[in-house]
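Here's target-v7.txt, which has compact mmCIF, N, CA and C atoms:
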# COMPACT_ATOMS: atom_id res chain seq x y z
N MET A 1 94.67 113.82 88.45
CA MET A 1 93.70 112.79 88.15
C MET A 1 93.51 112.66 86.64
N ARG A 2 93.65 113.73 85.92
CA ARG A 2 93.50 113.65 84.47
C ARG A 2 94.53 112.75 83.82
N ILE A 3 95.76 112.84 84.31
CA ILE A 3 96.85 112.06 83.74
C ILE A 3 96.54 110.56 83.85
N LEU A 4 95.99 110.14 84.98
CA LEU A 4 95.66 108.73 85.19
C LEU A 4 94.28 108.35 84.66
N ASN A 5 93.54 109.32 84.15
CA ASN A 5 92.18 109.10 83.64
C ASN A 5 91.23 108.61 84.75
N ILE A 6 91.38 109.20 85.93
CA ILE A 6 90.49 108.89 87.05
C ILE A 6 89.23 109.73 86.90
N LYS A 7 88.09 109.04 86.96
CA LYS A 7 86.81 109.73 86.80
C LYS A 7 86.18 110.01 88.16
N GLU A 8 85.50 111.13 88.26
CA GLU A 8 84.77 111.51 89.46
C GLU A 8 83.29 111.29 89.17
N ILE A 9 82.63 110.51 90.02
CA ILE A 9 81.20 110.24 89.83
C ILE A 9 80.46 110.72 91.07
N LEU A 10 79.58 111.67 90.87
CA LEU A 10 78.78 112.23 91.97
C LEU A 10 77.53 111.40 92.18
N ILE A 11 76.96 111.49 93.37
CA ILE A 11 75.81 110.65 93.74
C ILE A 11 74.61 110.84 92.81
N GLY A 12 74.46 111.98 92.18
CA GLY A 12 73.34 112.20 91.27
C GLY A 12 73.58 111.69 89.86
N ASP A 13 74.77 111.25 89.58
CA ASP A 13 75.15 110.77 88.25
C ASP A 13 74.51 109.40 87.98
N GLU A 14 74.06 109.16 86.77
CA GLU A 14 73.44 107.87 86.42
C GLU A 14 74.43 106.71 86.51
N ARG A 15 75.72 106.99 86.48
CA ARG A 15 76.74 105.94 86.59
C ARG A 15 76.98 105.51 88.04
N TYR A 16 76.52 106.32 89.00
CA TYR A 16 76.70 106.00 90.42
C TYR A 16 75.98 104.68 90.72
N PRO A 17 76.63 103.77 91.46
CA PRO A 17 76.01 102.46 91.74
C PRO A 17 74.67 102.59 92.48
N LYS A 18 73.65 102.00 91.89
CA LYS A 18 72.30 102.10 92.46
C LYS A 18 72.23 101.53 93.88
N ILE A 19 72.84 100.39 94.09
CA ILE A 19 72.78 99.75 95.41
C ILE A 19 73.51 100.57 96.47
N LEU A 20 74.55 101.28 96.08
CA LEU A 20 75.30 102.11 97.03
C LEU A 20 74.45 103.29 97.52
N LYS A 21 73.56 103.76 96.67
CA LYS A 21 72.67 104.86 97.07
C LYS A 21 71.73 104.44 98.20
N GLU A 22 71.51 103.13 98.36
CA GLU A 22 70.56 102.63 99.34
C GLU A 22 71.13 102.50 100.75
N ILE A 23 72.44 102.60 100.92
CA ILE A 23 73.01 102.46 102.26
C ILE A 23 72.83 103.76 103.05
N TYR A 24 72.97 103.65 104.35
CA TYR A 24 72.93 104.82 105.19
C TYR A 24 74.14 105.69 104.89
N ASP A 25 73.93 106.94 104.62
CA ASP A 25 74.99 107.92 104.39
C ASP A 25 75.99 107.50 103.30
N PRO A 26 75.49 107.30 102.07
CA PRO A 26 76.40 106.90 100.98
C PRO A 26 77.40 108.02 100.66
N PRO A 27 78.54 107.64 100.12
CA PRO A 27 79.52 108.68 99.75
C PRO A 27 78.94 109.59 98.66
N LYS A 28 79.21 110.86 98.76
CA LYS A 28 78.69 111.83 97.79
C LYS A 28 79.45 111.77 96.47
N LYS A 29 80.65 111.21 96.52
CA LYS A 29 81.52 111.21 95.35
C LYS A 29 82.35 109.93 95.34
N LEU A 30 82.53 109.37 94.15
CA LEU A 30 83.41 108.21 93.96
C LEU A 30 84.48 108.58 92.96
N TYR A 31 85.64 107.98 93.11
CA TYR A 31 86.70 108.14 92.14
C TYR A 31 86.91 106.77 91.48
N VAL A 32 86.89 106.75 90.17
CA VAL A 32 86.94 105.48 89.44
C VAL A 32 88.07 105.50 88.43
N LEU A 33 88.86 104.44 88.48
CA LEU A 33 89.90 104.22 87.48
C LEU A 33 89.50 102.94 86.76
N GLY A 34 89.18 103.04 85.50
CA GLY A 34 88.73 101.88 84.74
C GLY A 34 87.31 102.06 84.24
N ASP A 35 86.67 100.94 83.95
CA ASP A 35 85.34 100.93 83.34
C ASP A 35 84.25 101.14 84.38
N GLU A 36 83.68 102.32 84.43
CA GLU A 36 82.65 102.62 85.43
C GLU A 36 81.35 101.87 85.17
N LYS A 37 81.18 101.27 84.00
CA LYS A 37 79.96 100.53 83.69
C LYS A 37 79.78 99.33 84.61
N ILE A 38 80.87 98.78 85.12
CA ILE A 38 80.75 97.60 85.97
C ILE A 38 80.25 97.93 87.38
N LEU A 39 80.14 99.21 87.71
CA LEU A 39 79.71 99.59 89.06
C LEU A 39 78.30 99.12 89.39
N ASN A 40 77.48 98.89 88.38
CA ASN A 40 76.11 98.43 88.62
C ASN A 40 75.93 96.95 88.30
N GLU A 41 77.04 96.23 88.11
CA GLU A 41 76.98 94.79 87.92
C GLU A 41 77.15 94.09 89.26
N ILE A 42 77.00 92.77 89.28
CA ILE A 42 77.07 92.01 90.53
C ILE A 42 78.47 92.11 91.14
N GLY A 43 78.49 92.31 92.45
CA GLY A 43 79.76 92.44 93.14
C GLY A 43 79.67 91.94 94.56
N ILE A 44 80.82 91.76 95.16
CA ILE A 44 80.89 91.34 96.56
C ILE A 44 82.05 92.09 97.21
N ALA A 45 81.83 92.53 98.43
CA ALA A 45 82.88 93.23 99.17
C ALA A 45 83.70 92.22 99.97
N ILE A 46 85.01 92.35 99.87
CA ILE A 46 85.92 91.53 100.68
C ILE A 46 86.80 92.49 101.46
N ILE A 47 86.67 92.44 102.77
CA ILE A 47 87.47 93.29 103.64
C ILE A 47 88.02 92.43 104.78
N GLY A 48 89.09 92.88 105.38
CA GLY A 48 89.64 92.09 106.47
C GLY A 48 90.79 92.78 107.15
N ALA A 49 91.56 91.99 107.86
CA ALA A 49 92.65 92.50 108.68
C ALA A 49 93.76 93.10 107.84
N ARG A 50 94.33 94.16 108.35
CA ARG A 50 95.50 94.75 107.69
C ARG A 50 96.74 93.91 107.98
N LYS A 51 96.81 93.35 109.16
CA LYS A 51 97.93 92.46 109.52
C LYS A 51 97.45 91.03 109.39
N ALA A 52 97.29 90.60 108.15
CA ALA A 52 96.73 89.28 107.85
C ALA A 52 97.79 88.19 107.97
N THR A 53 97.32 86.99 108.30
CA THR A 53 98.21 85.83 108.33
C THR A 53 98.48 85.37 106.90
N GLN A 54 99.50 84.54 106.75
CA GLN A 54 99.79 83.97 105.42
C GLN A 54 98.60 83.16 104.93
N TYR A 55 97.97 82.41 105.84
CA TYR A 55 96.79 81.62 105.47
C TYR A 55 95.66 82.53 104.99
N GLY A 56 95.41 83.61 105.71
CA GLY A 56 94.36 84.55 105.33
C GLY A 56 94.61 85.16 103.96
N LYS A 57 95.84 85.51 103.69
CA LYS A 57 96.21 86.09 102.39
C LYS A 57 95.97 85.08 101.27
N LYS A 58 96.40 83.84 101.50
CA LYS A 58 96.28 82.79 100.49
C LYS A 58 94.80 82.50 100.19
N ILE A 59 94.01 82.32 101.23
CA ILE A 59 92.59 81.99 101.05
C ILE A 59 91.85 83.15 100.39
N THR A 60 92.15 84.37 100.80
CA THR A 60 91.51 85.55 100.21
C THR A 60 91.84 85.64 98.73
N TYR A 61 93.09 85.46 98.38
CA TYR A 61 93.53 85.49 96.98
C TYR A 61 92.76 84.46 96.16
N GLU A 62 92.70 83.23 96.66
CA GLU A 62 92.02 82.15 95.94
C GLU A 62 90.51 82.41 95.84
N PHE A 63 89.91 82.86 96.93
CA PHE A 63 88.46 83.13 96.97
C PHE A 63 88.10 84.22 95.96
N ALA A 64 88.85 85.30 95.95
CA ALA A 64 88.58 86.40 95.02
C ALA A 64 88.80 85.95 93.58
N ASN A 65 89.82 85.15 93.36
CA ASN A 65 90.10 84.64 92.03
C ASN A 65 88.93 83.78 91.54
N ASP A 66 88.43 82.89 92.40
CA ASP A 66 87.30 82.03 92.03
C ASP A 66 86.03 82.85 91.78
N LEU A 67 85.78 83.85 92.62
CA LEU A 67 84.60 84.69 92.42
C LEU A 67 84.70 85.47 91.11
N SER A 68 85.89 85.92 90.77
CA SER A 68 86.10 86.63 89.51
C SER A 68 85.78 85.74 88.32
N LYS A 69 86.15 84.48 88.43
CA LYS A 69 85.86 83.52 87.35
C LYS A 69 84.35 83.38 87.14
N LEU A 70 83.59 83.58 88.22
CA LEU A 70 82.13 83.48 88.15
C LEU A 70 81.47 84.79 87.72
N GLY A 71 82.28 85.83 87.52
CA GLY A 71 81.75 87.11 87.04
C GLY A 71 81.50 88.16 88.10
N PHE A 72 81.89 87.90 89.34
CA PHE A 72 81.71 88.88 90.41
C PHE A 72 82.77 89.97 90.33
N ASN A 73 82.37 91.20 90.60
CA ASN A 73 83.32 92.30 90.79
C ASN A 73 83.70 92.30 92.26
N ILE A 74 84.98 92.49 92.54
CA ILE A 74 85.46 92.50 93.92
C ILE A 74 85.60 93.95 94.36
N ILE A 75 85.00 94.25 95.51
CA ILE A 75 84.94 95.62 96.03
C ILE A 75 85.64 95.67 97.38
N SER A 76 86.47 96.69 97.58
CA SER A 76 87.08 96.89 98.90
C SER A 76 87.59 98.31 98.99
N GLY A 77 88.14 98.63 100.15
CA GLY A 77 88.70 99.95 100.36
C GLY A 77 90.16 100.06 99.97
N LEU A 78 90.71 99.01 99.40
CA LEU A 78 92.11 98.97 98.95
C LEU A 78 93.12 99.11 100.08
N ALA A 79 92.75 98.69 101.28
CA ALA A 79 93.68 98.75 102.40
C ALA A 79 94.75 97.67 102.25
N VAL A 80 95.83 97.84 102.97
CA VAL A 80 96.89 96.84 103.03
C VAL A 80 96.32 95.60 103.71
N GLY A 81 96.79 94.44 103.33
CA GLY A 81 96.35 93.20 103.97
C GLY A 81 95.35 92.45 103.12
N ILE A 82 94.27 91.99 103.74
CA ILE A 82 93.27 91.17 103.07
C ILE A 82 92.71 91.88 101.83
N ASP A 83 92.38 93.15 101.94
CA ASP A 83 91.84 93.90 100.79
C ASP A 83 92.76 93.78 99.58
N SER A 84 94.05 93.95 99.81
CA SER A 84 95.02 93.90 98.72
C SER A 84 95.05 92.53 98.05
N PHE A 85 94.99 91.48 98.84
CA PHE A 85 95.03 90.13 98.28
C PHE A 85 93.74 89.79 97.55
N ALA A 86 92.63 90.37 97.96
CA ALA A 86 91.39 90.19 97.21
C ALA A 86 91.53 90.78 95.81
N HIS A 87 92.13 91.94 95.73
CA HIS A 87 92.31 92.57 94.42
C HIS A 87 93.37 91.86 93.58
N LEU A 88 94.42 91.36 94.21
CA LEU A 88 95.43 90.62 93.46
C LEU A 88 94.84 89.35 92.84
N GLY A 89 93.99 88.65 93.59
CA GLY A 89 93.34 87.46 93.05
C GLY A 89 92.43 87.80 91.89
N THR A 90 91.75 88.92 91.99
CA THR A 90 90.88 89.38 90.91
C THR A 90 91.69 89.77 89.69
N LEU A 91 92.74 90.53 89.91
CA LEU A 91 93.58 90.95 88.79
C LEU A 91 94.20 89.76 88.08
N GLN A 92 94.62 88.76 88.84
CA GLN A 92 95.20 87.57 88.23
C GLN A 92 94.20 86.94 87.26
N GLU A 93 92.96 86.78 87.68
CA GLU A 93 91.94 86.18 86.80
C GLU A 93 91.69 87.04 85.58
N ASN A 94 91.57 88.33 85.77
CA ASN A 94 91.30 89.22 84.64
C ASN A 94 92.47 89.27 83.67
N CYS A 95 93.68 89.20 84.17
CA CYS A 95 94.86 89.20 83.30
C CYS A 95 94.93 87.91 82.49
N ILE A 96 94.58 86.79 83.11
CA ILE A 96 94.58 85.51 82.39
C ILE A 96 93.57 85.57 81.24
N ARG A 97 92.38 86.08 81.53
CA ARG A 97 91.35 86.17 80.49
C ARG A 97 91.78 87.07 79.34
N GLN A 98 92.49 88.15 79.67
CA GLN A 98 92.89 89.11 78.65
C GLN A 98 94.28 88.83 78.09
N ASN A 99 94.98 87.86 78.69
CA ASN A 99 96.33 87.48 78.28
C ASN A 99 97.25 88.71 78.20
N SER A 100 97.17 89.57 79.24
CA SER A 100 97.92 90.81 79.15
C SER A 100 98.87 91.08 80.32
N CYS A 101 98.84 90.29 81.37
CA CYS A 101 99.75 90.51 82.49
C CYS A 101 99.77 89.28 83.37
N SER A 102 100.67 89.25 84.33
CA SER A 102 100.70 88.12 85.26
C SER A 102 101.22 88.57 86.61
N PHE A 103 100.87 87.82 87.64
CA PHE A 103 101.33 88.07 88.99
C PHE A 103 101.86 86.76 89.54
N ARG A 104 102.78 86.84 90.46
CA ARG A 104 103.28 85.62 91.07
C ARG A 104 102.25 85.08 92.06
N GLU A 105 102.29 83.79 92.31
CA GLU A 105 101.42 83.19 93.32
C GLU A 105 101.90 83.63 94.69
N TRP A 106 100.97 83.88 95.59
CA TRP A 106 101.30 84.32 96.95
C TRP A 106 101.21 83.13 97.88
N ASN A 107 102.31 82.82 98.54
CA ASN A 107 102.34 81.69 99.47
C ASN A 107 102.29 82.17 100.90
Representation of the structure as structure tokens:
Amino acid sequence: MRILNIKEILIGDERYPKILKEIYDPPKKLYVLGDEKILNEIGIAIIGARKATQYGKKITYEFANDLSKLGFNIISGLAVGIDSFAHLGTLQENCIRQNSCSFREWN
């Protein structure tokens, strides 16, 4: 984890998302790659089928991309399928803003 700079955030840590503490049985520990400061900013969870249709993938990608443009953080469990396309749409928007990477459009 050190090599990838993955941070471990325990539930008592001030960086732990405040809203996550309010759910029933919150995780005791989070692993974060990137800027942990955004954990307490506005976000929306996008989850769905692992065996998603092409339409579902396309709409999820576009929806996440549009929400990213509005400043939402996209949250998911990183599963294959809809979760992945939510993150790809988010990454596409963030890469455009930072002019540092690109992804192909998903049809």
DSSP alpha helix (DSSP H) residues within segment 50-83 of chain A, listed as a count of residues only: 18
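Our summary of the geometry notes that atom C of Ile6 of chain A is positioned 25.0 Å from atom C of Leu67 of chain A.
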From A:Ile46, A:Ile11, A:Leu4, A:Leu39, residue lying nearest Pro26 of chain A [only C-alpha atoms]: A:Ile11
Surrounding residues of Gly48 of chain A excluding itself and chain neighbours under 3 positions, 6.5 Å, all atoms listed in the file, as a ChimeraX atom specification: /A:51,81-83
For the selection just defined, write its residues with N, CA and C atoms to a file, as a PDB file, in the coordinates of the input.
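See again_10.pdb below for the written result:
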ATOM      1  N   LYS A  51      96.810  93.350 109.160  1.00  0.00           N
ATOM      2  CA  LYS A  51      97.930  92.460 109.520  1.00  0.00           C
ATOM      3  C   LYS A  51      97.450  91.030 109.390  1.00  0.00           C
ATOM      4  N   GLY A  81      96.790  94.440 103.330  1.00  0.00           N
ATOM      5  CA  GLY A  81      96.350  93.200 103.970  1.00  0.00           C
ATOM      6  C   GLY A  81      95.350  92.450 103.120  1.00  0.00           C
ATOM      7  N   ILE A  82      94.270  91.990 103.740  1.00  0.00           N
ATOM      8  CA  ILE A  82      93.270  91.170 103.070  1.00  0.00           C
ATOM      9  C   ILE A  82      92.710  91.880 101.830  1.00  0.00           C
ATOM     10  N   ASP A  83      92.380  93.150 101.940  1.00  0.00           N
ATOM     11  CA  ASP A  83      91.840  93.900 100.790  1.00  0.00           C
ATOM     12  C   ASP A  83      92.760  93.780  99.580  1.00  0.00           C
TER      13      ASP A  83
END
Selected residue, from A:Gln54, A:Tyr16, A:Thr60, A:Ala45, that lies nearest to Ile74 of chain A when counting only C-alpha atoms: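 Selected residue with least distance to Ile74 of chain A: A:Ala45.
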Given only N, CA and C atoms as the counted atoms, nearest of A:Arg15, A:Ser76, A:Leu10, A:Lys29 to Ile44 of chain A: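 Once distances to Ile44 of chain A are computed over only N, CA and C atoms, the minimum belongs to A:Ser76.
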Separation of atom CA of Tyr55 of chain A from atom CA of Asn73 of chain A in Å: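 Going from atom CA of Asn73 of chain A over to atom CA of Tyr55 of chain A, I get 22.6 Å.
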Chain A: residues DSSP assigns to strand (DSSP E or B), reported as a count of residues only: 14
Of the listed residues A:Ile23, A:Ala52, A:Ile38, A:Ala64, that which approaches His87 of chain A most closely, counting all atoms listed in the file: A:Ala64
Spatial sel., origin (89.6, 92.7, 91.2), limit 9 Å, only C-alpha atoms, listed as a list in words: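 It turns out the residues near that spot are Ala64, Asn65, Ser68, Phe72, Asn73, Ile74, Ile75, Ala86, His87, Leu88, Gly89, Thr90, Leu91, Gln92, Glu93 and Asn94 of chain A.
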Between atom N of Lys18 of chain A and atom C of Gly77 of chain A, distance in Å (one decimal):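 We find that atom N of Lys18 of chain A and atom C of Gly77 of chain A lie 18.5 Å from each other.
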Closest of A:Asn5, A:Lys57, A:Asp35, A:Ile42 to Leu70 of chain A - atom-to-atom distances counting only C-alpha atoms: A:Ile42
